[in-house]
$ cat data.cif   # mmCIF, C-alpha atoms
data_run
#
loop_
_atom_site.label_atom_id
_atom_site.label_comp_id
_atom_site.auth_asym_id
_atom_site.auth_seq_id
_atom_site.Cartn_x
_atom_site.Cartn_y
_atom_site.Cartn_z
CA MET A 1 91.25 7.99 129.89
CA ARG A 2 93.07 6.62 132.94
CA VAL A 3 91.21 6.26 136.24
CA LEU A 4 92.30 5.62 139.81
CA GLY A 5 89.71 3.46 141.61
CA ILE A 6 89.25 3.27 145.39
CA GLU A 7 87.12 0.67 147.19
CA THR A 8 86.43 0.88 150.96
CA SER A 9 82.84 -0.30 151.39
CA CYS A 10 83.48 -2.97 154.04
CA ASP A 11 86.57 -4.87 155.20
CA GLU A 12 88.84 -4.73 152.14
CA THR A 13 90.87 -1.77 150.97
CA GLY A 14 91.21 -1.89 147.20
CA VAL A 15 93.05 0.48 144.84
CA ALA A 16 93.56 0.12 141.10
CA ILE A 17 94.42 2.06 137.96
CA TYR A 18 92.48 1.25 134.80
CA ASP A 19 93.39 2.62 131.37
CA GLU A 20 90.76 2.78 128.63
CA GLN A 21 93.24 1.57 125.99
CA GLN A 22 95.66 -0.62 127.95
CA GLY A 23 93.26 -2.12 130.48
CA LEU A 24 94.21 -2.77 134.09
CA LEU A 25 97.64 -1.30 134.84
CA SER A 26 97.92 -2.16 138.52
CA HIS A 27 95.85 -3.06 141.54
CA GLN A 28 96.42 -3.55 145.26
CA LEU A 29 94.14 -5.20 147.79
CA TYR A 30 94.43 -5.37 151.54
CA SER A 31 92.08 -7.67 153.45
CA GLN A 32 91.15 -7.07 157.08
CA VAL A 33 90.27 -10.74 157.71
CA LYS A 34 92.82 -11.19 160.50
CA LEU A 35 91.67 -7.97 162.17
CA HIS A 36 88.05 -9.15 162.45
CA ALA A 37 88.64 -12.89 162.91
CA ASP A 38 88.55 -12.77 166.71
CA TYR A 39 85.10 -11.15 166.59
CA GLY A 40 83.58 -13.60 164.10
CA GLY A 41 82.49 -10.78 161.80
CA VAL A 42 83.25 -7.25 160.66
CA VAL A 43 83.47 -4.57 163.36
CA PRO A 44 82.58 -1.31 161.55
CA GLU A 45 84.69 1.02 163.69
CA LEU A 46 87.79 -1.16 163.35
CA ALA A 47 87.18 -1.44 159.60
CA SER A 48 87.05 2.34 159.21
CA ARG A 49 90.22 2.91 161.23
CA ASP A 50 92.12 0.30 159.24
CA HIS A 51 91.07 1.90 155.94
CA VAL A 52 92.52 5.16 157.27
CA ARG A 53 95.84 3.45 157.96
CA LYS A 54 96.10 1.47 154.74
CA LEU A 55 94.51 3.55 151.97
CA VAL A 56 97.16 6.20 151.26
CA PRO A 57 100.10 3.71 151.29
CA LEU A 58 98.14 1.47 148.90
CA ILE A 59 97.49 4.39 146.55
CA LYS A 60 101.22 5.20 146.50
CA GLN A 61 102.08 1.55 145.82
CA THR A 62 99.51 1.32 143.02
CA LEU A 63 100.86 4.46 141.33
CA LEU A 64 104.41 3.13 141.64
CA GLU A 65 103.49 -0.27 140.19
CA ALA A 66 101.76 1.39 137.21
CA ASP A 67 104.66 3.82 136.78
CA CYS A 68 102.16 6.68 137.05
CA SER A 69 102.14 10.10 138.68
CA ALA A 70 99.25 12.42 139.45
CA GLU A 71 99.65 13.98 135.99
CA ASP A 72 98.95 10.61 134.37
CA ILE A 73 95.59 10.18 136.11
CA ASP A 74 92.52 11.61 134.35
CA GLY A 75 89.94 10.93 137.04
CA ILE A 76 89.28 9.30 140.40
CA ALA A 77 86.49 6.84 141.16
CA PHE A 78 85.47 5.77 144.64
CA THR A 79 82.80 3.59 146.19
CA LYS A 80 79.99 5.90 147.31
CA GLY A 81 77.71 3.11 148.56
CA PRO A 82 76.15 0.86 149.61
CA GLY A 83 78.26 -0.32 152.53
CA LEU A 84 79.42 0.61 156.03
CA VAL A 85 79.03 4.37 156.32
CA GLY A 86 82.31 4.92 158.20
CA ALA A 87 84.30 2.86 155.71
CA LEU A 88 82.65 4.63 152.77
CA LEU A 89 83.51 8.03 154.25
CA VAL A 90 87.20 7.12 154.40
CA GLY A 91 87.34 6.30 150.69
CA SER A 92 85.20 9.24 149.61
CA SER A 93 87.16 11.73 151.72
CA VAL A 94 90.52 10.59 150.38
CA ALA A 95 89.23 10.45 146.80
CA ARG A 96 87.71 13.94 146.91
CA SER A 97 90.85 15.34 148.57
CA LEU A 98 93.08 13.88 145.87
CA ALA A 99 90.74 15.11 143.14
CA TYR A 100 90.90 18.63 144.60
CA ALA A 101 94.68 18.56 145.07
CA TRP A 102 95.34 17.11 141.62
CA ASN A 103 92.62 19.15 139.90
CA LYS A 104 90.97 16.00 138.54
CA PRO A 105 87.28 15.03 138.26
CA ALA A 106 85.94 12.46 140.71
CA VAL A 107 82.89 10.22 140.57
CA GLY A 108 81.11 8.10 143.17
CA VAL A 109 80.44 4.51 142.09
CA HIS A 110 77.70 2.14 143.21
CA HIS A 111 79.40 -0.86 144.81
CA MET A 112 77.06 -3.40 143.19
CA GLU A 113 77.47 -1.79 139.76
CA GLY A 114 81.18 -2.37 140.24
CA HIS A 115 80.55 -6.07 140.91
CA LEU A 116 78.12 -6.29 138.02
CA LEU A 117 80.71 -4.89 135.59
CA ALA A 118 83.68 -6.87 137.01
CA PRO A 119 83.48 -9.52 134.25
CA MET A 120 84.19 -6.69 131.77
CA LEU A 121 87.77 -6.59 133.08
CA ASP A 122 88.59 -9.72 131.05
CA GLU A 123 87.98 -11.12 127.59
CA PRO A 124 85.60 -12.27 126.37
CA ALA A 125 83.40 -9.68 128.04
CA PRO A 126 79.64 -10.25 128.15
CA ALA A 127 77.60 -8.21 125.68
CA PHE A 128 74.40 -6.43 126.69
CA PRO A 129 71.68 -7.39 127.46
CA PHE A 130 72.10 -10.06 130.12
CA VAL A 131 70.76 -11.30 133.43
CA ALA A 132 73.07 -10.77 136.40
CA LEU A 133 73.09 -12.73 139.64
CA LEU A 134 74.89 -10.65 142.28
CA VAL A 135 75.70 -12.77 145.32
CA SER A 136 77.93 -11.65 148.17
CA GLY A 137 78.06 -11.44 151.94
CA GLY A 138 75.72 -8.47 152.03
CA HIS A 139 73.67 -8.76 148.85
CA SER A 140 71.76 -11.31 146.79
CA MET A 141 69.88 -9.98 143.80
CA MET A 142 68.81 -10.83 140.28
CA VAL A 143 69.08 -7.98 137.78
CA LYS A 144 68.11 -7.53 134.15
CA VAL A 145 70.86 -5.46 132.53
CA ALA A 146 70.08 -3.69 129.26
CA GLY A 147 73.20 -1.50 129.45
CA ILE A 148 75.31 0.42 131.95
CA GLY A 149 72.87 2.13 134.29
CA GLN A 150 69.90 0.35 132.74
CA TYR A 151 69.05 -1.99 135.58
CA GLN A 152 65.82 -3.70 136.55
CA VAL A 153 65.98 -5.56 139.86
CA LEU A 154 64.01 -8.76 139.31
CA GLY A 155 64.46 -10.15 142.79
CA GLU A 156 66.53 -9.76 145.94
CA SER A 157 67.02 -11.26 149.37
CA VAL A 158 64.27 -10.61 151.90
CA ASP A 159 66.59 -11.53 154.80
CA ASP A 160 70.08 -13.07 154.84
CA ALA A 161 72.17 -12.83 151.68
CA ALA A 162 73.68 -16.04 150.29
CA GLY A 163 77.20 -15.17 151.43
CA GLU A 164 75.94 -14.23 154.87
CA ALA A 165 74.19 -17.60 155.17
CA PHE A 166 77.43 -19.35 154.17
CA ASP A 167 79.43 -17.47 156.81
CA LYS A 168 76.85 -17.96 159.59
CA THR A 169 76.48 -21.69 158.88
CA ALA A 170 80.25 -22.06 158.80
CA LYS A 171 80.41 -20.44 162.23
CA LEU A 172 77.84 -22.95 163.50
CA LEU A 173 80.11 -25.69 162.19
CA GLY A 174 83.00 -24.25 164.18
CA LEU A 175 84.91 -22.92 161.18
CA ASP A 176 87.03 -19.77 161.31
CA TYR A 177 86.00 -16.39 159.89
CA PRO A 178 85.32 -15.79 157.05
CA GLY A 179 83.70 -19.18 156.88
CA GLY A 180 82.14 -19.30 153.42
CA PRO A 181 85.23 -20.53 151.55
CA LEU A 182 86.08 -22.92 154.41
CA LEU A 183 82.57 -24.40 154.32
CA ALA A 184 82.90 -24.94 150.57
CA LYS A 185 86.22 -26.71 151.13
CA LEU A 186 84.71 -28.88 153.86
CA ALA A 187 81.80 -29.74 151.55
CA GLU A 188 84.26 -31.35 149.11
CA LYS A 189 84.73 -34.13 151.71
CA GLY A 190 80.97 -34.58 152.17
CA GLU A 191 78.75 -37.28 150.74
CA ALA A 192 75.33 -36.99 149.15
CA GLY A 193 72.23 -38.68 150.51
CA HIS A 194 72.70 -38.06 154.22
CA TYR A 195 70.73 -34.85 154.59
CA ASP A 196 67.94 -33.21 152.61
CA PHE A 197 68.00 -29.45 153.03
CA PRO A 198 65.14 -27.25 151.73
CA ARG A 199 65.45 -25.04 148.64
CA PRO A 200 63.84 -21.86 150.04
CA MET A 201 61.26 -19.94 148.01
CA THR A 202 61.71 -22.12 144.92
CA THR A 203 58.15 -23.47 145.03
CA LYS A 204 56.72 -19.94 145.07
CA PRO A 205 56.55 -17.64 142.03
CA GLY A 206 58.95 -14.74 141.80
CA LEU A 207 62.69 -14.20 142.01
CA ASP A 208 63.25 -13.08 145.60
CA PHE A 209 65.65 -14.99 147.86
CA SER A 210 65.46 -16.07 151.49
CA PHE A 211 68.30 -17.88 153.24
CA SER A 212 67.48 -17.20 156.89
CA GLY A 213 65.29 -20.31 157.20
CA LEU A 214 67.96 -22.45 155.54
CA LYS A 215 70.47 -21.22 158.09
CA THR A 216 68.07 -22.14 160.90
CA PHE A 217 67.55 -25.59 159.35
CA ALA A 218 71.33 -26.02 159.29
CA ALA A 219 71.60 -24.92 162.94
CA ASN A 220 69.01 -27.50 164.03
CA THR A 221 70.71 -30.21 161.96
CA ILE A 222 74.12 -29.42 163.45
CA ARG A 223 72.69 -29.39 166.97
CA ALA A 224 71.17 -32.86 166.48
CA SER A 225 74.27 -34.38 164.83
CA ASP A 226 77.02 -36.46 166.43
CA GLY A 227 79.62 -33.78 165.65
CA SER A 228 82.03 -36.12 163.86
CA GLU A 229 84.24 -34.74 161.10
CA GLN A 230 82.46 -36.72 158.37
CA THR A 231 79.04 -35.65 159.64
CA GLN A 232 80.18 -32.02 159.60
CA ALA A 233 81.36 -32.50 156.01
CA ASN A 234 78.04 -34.11 155.04
CA ILE A 235 76.12 -31.18 156.52
CA ALA A 236 78.34 -28.70 154.68
CA PHE A 237 77.77 -30.64 151.45
CA ALA A 238 73.99 -30.62 151.88
CA PHE A 239 73.92 -26.94 152.79
CA GLN A 240 76.02 -25.91 149.81
CA GLU A 241 73.91 -28.04 147.48
CA ALA A 242 70.77 -26.33 148.75
CA VAL A 243 72.17 -22.82 148.21
CA VAL A 244 73.59 -23.62 144.77
CA ASP A 245 70.38 -25.35 143.64
CA THR A 246 68.32 -22.41 144.87
CA LEU A 247 70.46 -19.91 142.98
CA ALA A 248 70.41 -22.06 139.83
CA ILE A 249 66.63 -22.41 139.93
CA LYS A 250 66.23 -18.64 140.28
CA CYS A 251 68.68 -18.01 137.42
CA LYS A 252 66.81 -20.37 135.13
CA ARG A 253 63.53 -18.69 136.07
CA ALA A 254 64.97 -15.21 135.41
CA LEU A 255 66.32 -16.22 132.01
CA LYS A 256 62.95 -17.66 131.04
CA HIS A 257 61.17 -14.53 132.31
CA THR A 258 63.40 -12.18 130.30
CA GLY A 259 63.89 -14.39 127.24
CA LEU A 260 67.67 -13.93 127.53
CA LYS A 261 70.38 -16.58 127.28
CA ARG A 262 73.31 -14.64 128.67
CA LEU A 263 74.06 -14.85 132.40
CA VAL A 264 76.61 -12.95 134.53
CA ILE A 265 77.49 -14.09 138.06
CA ALA A 266 79.41 -11.67 140.29
CA GLY A 267 80.14 -10.98 143.95
CA GLY A 268 82.06 -13.01 146.52
CA VAL A 269 79.89 -16.14 146.22
CA SER A 270 80.55 -16.23 142.45
CA ALA A 271 83.94 -17.74 143.36
CA ASN A 272 82.18 -20.87 144.64
CA LYS A 273 83.37 -23.81 142.55
CA GLN A 274 80.13 -25.79 142.81
CA LEU A 275 78.03 -22.81 141.74
CA ARG A 276 80.22 -22.21 138.70
CA GLU A 277 80.08 -25.85 137.64
CA ASP A 278 76.32 -26.20 138.06
CA LEU A 279 75.52 -22.97 136.22
CA ALA A 280 77.90 -23.88 133.38
CA ILE A 281 76.01 -27.17 132.93
CA MET A 282 72.65 -25.40 133.10
CA MET A 283 73.62 -22.78 130.51
CA LYS A 284 75.05 -25.39 128.16
CA LYS A 285 71.71 -27.23 128.18
CA ILE A 286 69.90 -24.11 126.96
CA ASN A 287 72.68 -23.08 124.54
CA GLY A 288 73.39 -20.02 126.63
CA GLU A 289 76.51 -18.28 127.93
CA VAL A 290 77.69 -17.64 131.47
CA PHE A 291 80.34 -15.12 132.53
CA TYR A 292 82.22 -14.63 135.81
CA PRO A 293 84.93 -12.27 137.05
CA ARG A 294 88.32 -13.85 137.54
CA LEU A 295 88.63 -15.19 141.09
CA GLU A 296 90.65 -12.24 142.43
CA PHE A 297 87.88 -9.85 141.33
CA CYS A 298 84.96 -11.78 142.83
CA THR A 299 85.46 -10.15 146.24
CA ASP A 300 85.59 -6.39 146.76
CA ASN A 301 88.40 -4.73 144.79
CA GLY A 302 89.51 -1.42 143.34
CA ALA A 303 89.70 -2.65 139.74
CA MET A 304 85.92 -2.97 139.36
CA ILE A 305 85.46 0.53 140.84
CA ALA A 306 88.06 2.01 138.46
CA TYR A 307 86.35 0.37 135.47
CA ALA A 308 82.83 1.42 136.47
CA GLY A 309 84.08 4.91 137.31
CA LEU A 310 85.72 5.26 133.91
CA GLN A 311 82.39 4.56 132.22
CA ARG A 312 80.66 7.18 134.39
CA LEU A 313 83.39 9.80 133.90
CA LYS A 314 83.32 9.29 130.13
CA ALA A 315 79.58 9.97 130.26
CA GLY A 316 80.27 13.31 131.93
CA GLU A 317 79.37 12.46 135.53
CA ILE A 318 81.35 14.43 138.12
CA GLU A 319 80.93 14.25 141.87
CA ALA A 320 80.32 17.46 143.82
CA MET A 321 82.78 18.48 146.52
CA SER A 322 80.06 17.98 149.14
CA THR A 323 79.55 14.31 148.28
CA LYS A 324 77.78 12.08 150.81
CA ALA A 325 78.18 8.36 151.42
CA ARG A 326 75.16 6.21 150.53
CA PRO A 327 75.05 3.21 152.94
CA ARG A 328 71.74 2.25 151.28
CA TRP A 329 71.40 2.82 147.56
CA SER A 330 69.21 1.06 144.98
CA LEU A 331 70.77 0.05 141.66
CA GLU A 332 67.64 1.25 139.91
CA GLU A 333 68.39 4.84 140.98
CA LEU A 334 71.48 5.00 138.77
CA PRO A 335 71.21 7.05 135.54
CA PRO A 336 71.73 5.22 132.24
CA ILE A 337 74.77 6.04 130.11
#

$ encode --input "data.cif" --output "structure tokens"
Amino acid sequence: MRVLGIETSCDETGVAIYDEQQGLLSHQLYSQVKLHADYGGVVPELASRDHVRKLVPLIKQTLLEADCSAEDIDGIAFTKGPGLVGALLVGSSVARSLAYAWNKPAVGVHHMEGHLLAPMLDEPAPAFPFVALLVSGGHSMMVKVAGIGQYQVLGESVDDAAGEAFDKTAKLLGLDYPGGPLLAKLAEKGEAGHYDFPRPMTTKPGLDFSFSGLKTFAANTIRASDGSEQTQANIAFAFQEAVVDTLAIKCKRALKHTGLKRLVIAGGVSANKQLREDLAIMMKKINGEVFYPRLEFCTDNGAMIAYAGLQRLKAGEIEAMSTKARPRWSLEELPPI
């Protein structure tokens, strides 16, 4: 089976073609970072309009790169939710229109299931069961994964997601949008021992996350600082250490709770170098394994949607013509396959 995947949940337009036998044949990704930079965050209406402009040309380019025509495609997968409703409607409308015109089945994919399965795009792929930490700009959650569609959410953010906290703190430091990667780069110049940031909700039982208070702590620290370049770097270092430590503590707790020794990290924050290094050390100590997507598939992309959609289409799932976008959608609502 060969599937065309379309991702338009937020500010990146992603298209890919995934073949069950040959793997990923082609993928294209357009980022709207420059479009939203002047506003310091994503403007939903602008995001939707840009998806309209970019999606069809990207689909044509992806087909050309894979040397495929409509006849070579067996199904179409698109992000149904969660995400920005206008952006989701662009992808779903185009996907359902193509499916109708080409007489192909279509399936709506859960955005976070796409992230969760992104490490499957490479070898070695993680085997089920495992614990997944999904961390991005809009989501932070810990999930026990017994198989595709067999998800138990162990904990999630009660306020700001980890990626959101990175971006907001970066903005407070005067860094450009999106600030998360820039904050991580600035942290490399920082020194330990200057600031002691809290590790939120790590002294309480459970696996929920909260990063809003940490962001406020960072804001107060920045306000009271001298504003020098080294001080800014030291604050970035302390902030990143606090987030990474918090995520590592929650991962260790989740693994102990489930009795598993296999960990998957996915989502935009999974590209963070410090997080990858710390979790690799932690998993080595307990003789466990940790898996990540390759860096280009940490952020939103069409490849993960094509792969997840292929699994759903193989299981016989087909989207109705009257499909609706799901801006809010729990992973636990998905049927097992």

$ resolve_selection --input "data.cif" --expression "the PyMOL selection byres ((chain A and resi 92) around 12)" --output "ChimeraX atom specification"
/A:5-9,48,51-52,55,76-81,85-91,93-99,106-109,319-326

$ residues_around --input "data.cif" --residues "Glu20 (chain A)" --least-positions-apart "4" --cutoff "9 Å" --atoms "all atoms listed in the file" --output "ChimeraX atom specification"
/A:1-3,24,307,310

$ axis_aligned_box --input "data.cif" --around "region 23-32 of chain A" --padding-each-side "3 Å" --output "AutoDock Vina command-line options"
--center_x 94.5 --center_y -4.5 --center_z 143.8 --size_x 12.8 --size_y 12.4 --size_z 32.6

$ closest_atom_pairs --input "data.cif" --of "region 24-73 of chain A" --to "region 174-177 of chain A" --cutoff "9 Å" --atoms "only C-alpha atoms" --output "CSV"
residue,atom,partner,partner_atom,distance
A:Val33,CA,A:Tyr177,CA,7.4
A:Lys34,CA,A:Tyr177,CA,8.6
A:His36,CA,A:Tyr177,CA,7.9
A:Ala37,CA,A:Tyr177,CA,5.3
A:Asp38,CA,A:Tyr177,CA,8.1
A:Tyr39,CA,A:Tyr177,CA,8.6
A:Gly40,CA,A:Tyr177,CA,5.6
A:Gly41,CA,A:Tyr177,CA,6.9

$ atom_distance --input "data.cif" --atom1 "CA of Leu255 (chain A)" --atom2 "CA of Ser330 (chain A)"
21.8 Å

$ closest_residue --input "data.cif" --among "A:Val43, A:Lys204, A:Ile235, A:Ala271" --to "Thr299 (chain A)" --atoms "all atoms listed in the file"
A:Ala271

$ atom_distance --input "data.cif" --atom1 "CA of Glu71 (chain A)" --atom2 "CA of Ile318 (chain A)"
18.4 Å

$ closest_residue --input "data.cif" --among "A:Met201, A:Leu58, A:Ala146, A:Ala70" --to "Val158 (chain A)" --atoms "all atoms listed in the file"
A:Met201

$ residues_around --input "data.cif" --residues "region 246-248 of chain A" --least-positions-apart "5" --cutoff "7 Å" --atoms "only C-alpha atoms" --output "number ranges by chain"
A: 199-200, 202, 279

$ residues_around --input "data.cif" --residues "Ala238 (chain A)" --least-positions-apart "5" --cutoff "7 Å" --atoms "all atoms listed in the file" --output "ChimeraX atom specification"
/A:195-197

$ build_atoms --input "data.cif" --residues "region 126-154 of chain A" --atoms "N, CA and C atoms" --output "PDB file, keeping the file's coordinate frame"
ATOM      1  N   PRO A 126      81.037 -10.023 128.527  1.00  0.00           N
ATOM      2  CA  PRO A 126      79.640 -10.250 128.150  1.00  0.00           C
ATOM      3  C   PRO A 126      79.065  -9.032 127.428  1.00  0.00           C
ATOM      4  N   ALA A 127      78.272  -9.297 126.406  1.00  0.00           N
ATOM      5  CA  ALA A 127      77.600  -8.210 125.680  1.00  0.00           C
ATOM      6  C   ALA A 127      76.233  -7.975 126.312  1.00  0.00           C
ATOM      7  N   PHE A 128      75.751  -6.749 126.222  1.00  0.00           N
ATOM      8  CA  PHE A 128      74.400  -6.430 126.690  1.00  0.00           C
ATOM      9  C   PHE A 128      73.383  -6.907 125.664  1.00  0.00           C
ATOM     10  N   PRO A 129      72.183  -7.297 126.083  1.00  0.00           N
ATOM     11  CA  PRO A 129      71.680  -7.390 127.460  1.00  0.00           C
ATOM     12  C   PRO A 129      72.013  -8.740 128.093  1.00  0.00           C
ATOM     13  N   PHE A 130      71.906  -8.793 129.414  1.00  0.00           N
ATOM     14  CA  PHE A 130      72.100 -10.060 130.120  1.00  0.00           C
ATOM     15  C   PHE A 130      71.392 -10.013 131.464  1.00  0.00           C
ATOM     16  N   VAL A 131      71.269 -11.188 132.066  1.00  0.00           N
ATOM     17  CA  VAL A 131      70.760 -11.300 133.430  1.00  0.00           C
ATOM     18  C   VAL A 131      71.952 -11.453 134.353  1.00  0.00           C
ATOM     19  N   ALA A 132      71.959 -10.705 135.447  1.00  0.00           N
ATOM     20  CA  ALA A 132      73.070 -10.770 136.400  1.00  0.00           C
ATOM     21  C   ALA A 132      72.590 -11.295 137.743  1.00  0.00           C
ATOM     22  N   LEU A 133      73.319 -12.253 138.280  1.00  0.00           N
ATOM     23  CA  LEU A 133      73.090 -12.730 139.640  1.00  0.00           C
ATOM     24  C   LEU A 133      74.224 -12.169 140.489  1.00  0.00           C
ATOM     25  N   LEU A 134      73.902 -11.267 141.401  1.00  0.00           N
ATOM     26  CA  LEU A 134      74.890 -10.650 142.280  1.00  0.00           C
ATOM     27  C   LEU A 134      74.760 -11.280 143.655  1.00  0.00           C
ATOM     28  N   VAL A 135      75.764 -12.029 144.053  1.00  0.00           N
ATOM     29  CA  VAL A 135      75.700 -12.770 145.320  1.00  0.00           C
ATOM     30  C   VAL A 135      76.968 -12.528 146.122  1.00  0.00           C
ATOM     31  N   SER A 136      76.791 -11.944 147.311  1.00  0.00           N
ATOM     32  CA  SER A 136      77.930 -11.650 148.170  1.00  0.00           C
ATOM     33  C   SER A 136      77.510 -11.786 149.621  1.00  0.00           C
ATOM     34  N   GLY A 137      78.382 -11.343 150.520  1.00  0.00           N
ATOM     35  CA  GLY A 137      78.060 -11.440 151.940  1.00  0.00           C
ATOM     36  C   GLY A 137      76.933 -10.527 152.359  1.00  0.00           C
ATOM     37  N   GLY A 138      76.752  -9.421 151.642  1.00  0.00           N
ATOM     38  CA  GLY A 138      75.720  -8.470 152.030  1.00  0.00           C
ATOM     39  C   GLY A 138      74.565  -8.346 151.068  1.00  0.00           C
ATOM     40  N   HIS A 139      74.693  -8.955 149.870  1.00  0.00           N
ATOM     41  CA  HIS A 139      73.670  -8.760 148.850  1.00  0.00           C
ATOM     42  C   HIS A 139      73.398 -10.053 148.084  1.00  0.00           C
ATOM     43  N   SER A 140      72.148 -10.268 147.745  1.00  0.00           N
ATOM     44  CA  SER A 140      71.760 -11.310 146.790  1.00  0.00           C
ATOM     45  C   SER A 140      70.650 -10.705 145.946  1.00  0.00           C
ATOM     46  N   MET A 141      70.904 -10.552 144.658  1.00  0.00           N
ATOM     47  CA  MET A 141      69.880  -9.980 143.800  1.00  0.00           C
ATOM     48  C   MET A 141      70.014 -10.462 142.370  1.00  0.00           C
ATOM     49  N   MET A 142      68.880 -10.481 141.680  1.00  0.00           N
ATOM     50  CA  MET A 142      68.810 -10.830 140.280  1.00  0.00           C
ATOM     51  C   MET A 142      68.447  -9.578 139.502  1.00  0.00           C
ATOM     52  N   VAL A 143      69.244  -9.244 138.483  1.00  0.00           N
ATOM     53  CA  VAL A 143      69.080  -7.980 137.780  1.00  0.00           C
ATOM     54  C   VAL A 143      69.052  -8.203 136.276  1.00  0.00           C
ATOM     55  N   LYS A 144      68.105  -7.568 135.606  1.00  0.00           N
ATOM     56  CA  LYS A 144      68.110  -7.530 134.150  1.00  0.00           C
ATOM     57  C   LYS A 144      68.912  -6.306 133.731  1.00  0.00           C
ATOM     58  N   VAL A 145      69.939  -6.529 132.912  1.00  0.00           N
ATOM     59  CA  VAL A 145      70.860  -5.460 132.530  1.00  0.00           C
ATOM     60  C   VAL A 145      70.760  -5.214 131.037  1.00  0.00           C
ATOM     61  N   ALA A 146      70.191  -4.062 130.671  1.00  0.00           N
ATOM     62  CA  ALA A 146      70.080  -3.690 129.260  1.00  0.00           C
ATOM     63  C   ALA A 146      71.308  -2.905 128.806  1.00  0.00           C
ATOM     64  N   GLY A 147      72.010  -2.297 129.733  1.00  0.00           N
ATOM     65  CA  GLY A 147      73.200  -1.500 129.450  1.00  0.00           C
ATOM     66  C   GLY A 147      73.694  -0.924 130.766  1.00  0.00           C
ATOM     67  N   ILE A 148      74.791  -0.180 130.723  1.00  0.00           N
ATOM     68  CA  ILE A 148      75.310   0.420 131.950  1.00  0.00           C
ATOM     69  C   ILE A 148      74.314   1.451 132.469  1.00  0.00           C
ATOM     70  N   GLY A 149      73.865   1.251 133.695  1.00  0.00           N
ATOM     71  CA  GLY A 149      72.870   2.130 134.290  1.00  0.00           C
ATOM     72  C   GLY A 149      71.437   1.777 133.953  1.00  0.00           C
ATOM     73  N   GLN A 150      71.249   0.780 133.127  1.00  0.00           N
ATOM     74  CA  GLN A 150      69.900   0.350 132.740  1.00  0.00           C
ATOM     75  C   GLN A 150      69.594  -0.964 133.456  1.00  0.00           C
ATOM     76  N   TYR A 151      69.200  -0.833 134.717  1.00  0.00           N
ATOM     77  CA  TYR A 151      69.050  -1.990 135.580  1.00  0.00           C
ATOM     78  C   TYR A 151      67.613  -2.133 136.072  1.00  0.00           C
ATOM     79  N   GLN A 152      67.128  -3.359 135.987  1.00  0.00           N
ATOM     80  CA  GLN A 152      65.820  -3.700 136.550  1.00  0.00           C
ATOM     81  C   GLN A 152      66.039  -4.825 137.561  1.00  0.00           C
ATOM     82  N   VAL A 153      65.825  -4.539 138.829  1.00  0.00           N
ATOM     83  CA  VAL A 153      65.980  -5.560 139.860  1.00  0.00           C
ATOM     84  C   VAL A 153      64.788  -6.503 139.794  1.00  0.00           C
ATOM     85  N   LEU A 154      65.059  -7.756 139.456  1.00  0.00           N
ATOM     86  CA  LEU A 154      64.010  -8.760 139.310  1.00  0.00           C
ATOM     87  C   LEU A 154      63.680  -9.444 140.628  1.00  0.00           C
TER      88      LEU A 154
END
